[in-house]
file data.pdb (PDB, C-alpha atoms)
ATOM      1  CA  MET B 344     119.733 103.155  91.058
ATOM      2  CA  SER B 345     116.944 101.589  93.102
ATOM      3  CA  PHE B 346     117.463  99.783  96.374
ATOM      4  CA  PRO B 347     115.171  97.496  98.376
ATOM      5  CA  SER B 348     112.457  99.519 100.039
ATOM      6  CA  GLU B 349     112.131  99.858 103.791
ATOM      7  CA  SER B 350     108.998  97.693 103.605
ATOM      8  CA  ALA B 351     110.742  94.828 101.788
ATOM      9  CA  THR B 352     110.998  91.671 103.850
ATOM     10  CA  PRO B 353     114.492  90.658 104.951
ATOM     11  CA  THR B 354     114.210  87.453 102.920
ATOM     12  CA  ALA B 355     113.187  89.300  99.767
ATOM     13  CA  ALA B 356     116.090  91.723 100.151
ATOM     14  CA  ALA B 357     118.532  88.861 100.793
ATOM     15  CA  ASP B 358     117.287  87.093  97.659
ATOM     16  CA  ARG B 359     118.227  90.179  95.638
ATOM     17  CA  ARG B 360     121.593  90.586  97.391
ATOM     18  CA  PRO B 361     123.891  89.397  94.557
ATOM     19  CA  ALA B 362     122.145  91.566  91.956
ATOM     20  CA  LEU B 363     122.214  94.564  94.296
ATOM     21  CA  GLN B 364     125.930  94.057  94.979
ATOM     22  CA  ASP B 365     126.584  93.922  91.240
ATOM     23  CA  GLN B 366     124.624  97.170  90.752
ATOM     24  CA  VAL B 367     126.680  98.888  93.443
ATOM     25  CA  LEU B 368     129.928  97.630  91.892
ATOM     26  CA  ASP B 369     128.810  98.960  88.521
ATOM     27  CA  GLN B 370     128.262 102.386  90.107
ATOM     28  CA  LEU B 371     131.693 102.291  91.763
ATOM     29  CA  GLN B 372     133.512 101.413  88.541
ATOM     30  CA  GLY B 373     135.977 104.126  87.600
ATOM     31  CA  ARG B 374     135.423 106.218  90.731
ATOM     32  CA  PRO B 375     138.628 106.619  92.720
ATOM     33  CA  LEU B 376     136.736 107.782  95.820
ATOM     34  CA  ALA B 377     133.267 106.563  96.728
ATOM     35  CA  GLY B 378     131.148 105.539  99.674
ATOM     36  CA  VAL B 379     128.611 102.752  99.973
ATOM     37  CA  ALA B 380     125.573 102.775 102.246
ATOM     38  CA  LEU B 381     123.545  99.578 102.298
ATOM     39  CA  THR B 382     121.232  98.076 104.884
ATOM     40  CA  MET B 383     122.865  95.704 107.350
ATOM     41  CA  GLY B 384     123.354  92.242 105.902
ATOM     42  CA  LEU B 385     123.339  93.195 102.225
ATOM     43  CA  GLY B 386     127.079  92.793 101.798
ATOM     44  CA  LYS B 387     128.939  96.094 102.190
ATOM     45  CA  THR B 388     132.103  94.243 103.159
ATOM     46  CA  LEU B 389     131.924  91.915 100.170
ATOM     47  CA  VAL B 390     131.208  94.845  97.830
ATOM     48  CA  GLY B 391     134.263  96.605  99.231
ATOM     49  CA  LEU B 392     136.444  93.537  98.841
ATOM     50  CA  ARG B 393     135.236  92.911  95.293
ATOM     51  CA  ASP B 394     135.916  96.546  94.395
ATOM     52  CA  MET B 395     139.370  96.337  95.971
ATOM     53  CA  ALA B 396     140.077  93.211  93.895
ATOM     54  CA  ARG B 397     139.530  95.266  90.723
ATOM     55  CA  GLN B 398     142.288  97.724  91.651
ATOM     56  CA  PRO B 399     145.823  97.375  90.276
ATOM     57  CA  ALA B 400     147.941  94.881  92.213
ATOM     58  CA  GLY B 401     150.145  96.466  94.845
ATOM     59  CA  GLN B 402     148.115  99.681  95.053
ATOM     60  CA  PRO B 403     147.622 100.727  98.680
ATOM     61  CA  LEU B 404     143.990 100.525  99.819
ATOM     62  CA  LEU B 405     142.247 102.368 102.638
ATOM     63  CA  VAL B 406     139.468 100.819 104.719
ATOM     64  CA  ALA B 407     137.670 103.189 107.086
ATOM     65  CA  ALA B 408     135.911 101.271 109.861
ATOM     66  CA  PRO B 409     134.092 102.721 112.866
ATOM     67  CA  THR B 410     135.352 100.035 115.276
ATOM     68  CA  GLN B 411     138.160  97.500 115.547
ATOM     69  CA  ALA B 412     135.536  94.724 115.445
ATOM     70  CA  ILE B 413     134.368  95.852 112.002
ATOM     71  CA  LEU B 414     137.952  96.005 110.772
ATOM     72  CA  ALA B 415     138.503  92.451 112.044
ATOM     73  CA  SER B 416     135.461  91.279 110.101
ATOM     74  CA  TRP B 417     137.158  92.439 106.886
ATOM     75  CA  SER B 418     139.898  89.884 107.464
ATOM     76  CA  GLN B 419     137.374  87.127 108.129
ATOM     77  CA  GLU B 420     135.327  88.011 105.047
ATOM     78  CA  ALA B 421     138.438  88.253 102.858
ATOM     79  CA  HIS B 422     139.406  84.723 103.842
ATOM     80  CA  LYS B 423     135.819  83.469 103.472
ATOM     81  CA  PHE B 424     135.551  84.756  99.903
ATOM     82  CA  GLY B 425     139.077  83.804  98.775
ATOM     83  CA  LEU B 426     140.493  87.339  98.786
ATOM     84  CA  PRO B 427     143.024  87.310 101.668
ATOM     85  CA  HIS B 428     145.781  88.616  99.365
ATOM     86  CA  LEU B 429     144.034  92.026  99.464
ATOM     87  CA  LEU B 430     144.781  92.386 103.169
ATOM     88  CA  ASP B 431     148.469  92.998 102.438
ATOM     89  CA  GLN B 432     147.457  96.182 100.595
ATOM     90  CA  VAL B 433     145.233  97.619 103.359
TER      91      VAL B 433
END
call {"tool": "encode", "arguments": {"input": "data.pdb", "output": "structure tokens"}}
result
Amino acid sequence: MSFPSESATPTAAADRRPALQDQVLDQLQGRPLAGVALTMGLGKTLVGLRDMARQPAGQPLLVAAPTQAILASWSQEAHKFGLPHLLDQV
């Protein structure tokens, strides 16, 4: 899988964000344990939420976050993208 190069402009990378997120989700499909490393601003939280939404309803989900602030952003993003029901499983 190819990712935006270090020399890519922020705007160019942001323009490819939805396609990149879809590529990452394709790679995560069927993997019970996986990690995602993307450059800041490319949508790691949204990728995580979208992957969580594909899991069976009621299945417990684990979110590992380095700080409480990052964990709080998951709640904000879940509400922003219409996925707050996932928070009950985290």
call {"tool": "closest_residue", "arguments": {"input": "data.pdb", "among": "B:Ser416, B:Gln398, B:Thr410, B:Gln370", "to": "Gly386 (chain B)", "atoms": "all atoms listed in the file"}}
result
B:Ser416
call {"tool": "closest_residue", "arguments": {"input": "data.pdb", "among": "B:Ala421, B:Leu429, B:Val367, B:Leu414", "to": "Arg397 (chain B)", "atoms": "all atoms listed in the file"}}
result
B:Leu429
call {"tool": "closest_residue", "arguments": {"input": "data.pdb", "among": "B:Val433, B:Leu426, B:Leu389, B:Leu376", "to": "Gly401 (chain B)", "atoms": "all atoms listed in the file"}}
result
B:Val433
call {"tool": "closest_residue", "arguments": {"input": "data.pdb", "among": "B:Leu363, B:Ala407, B:Leu430, B:Leu371", "to": "Gly384 (chain B)", "atoms": "all atoms listed in the file"}}
result
B:Leu363
call {"tool": "atom_distance", "arguments": {"input": "data.pdb", "atom1": "CA of Ala396 (chain B)", "atom2": "CA of Met383 (chain B)"}}
result
22.0 Å
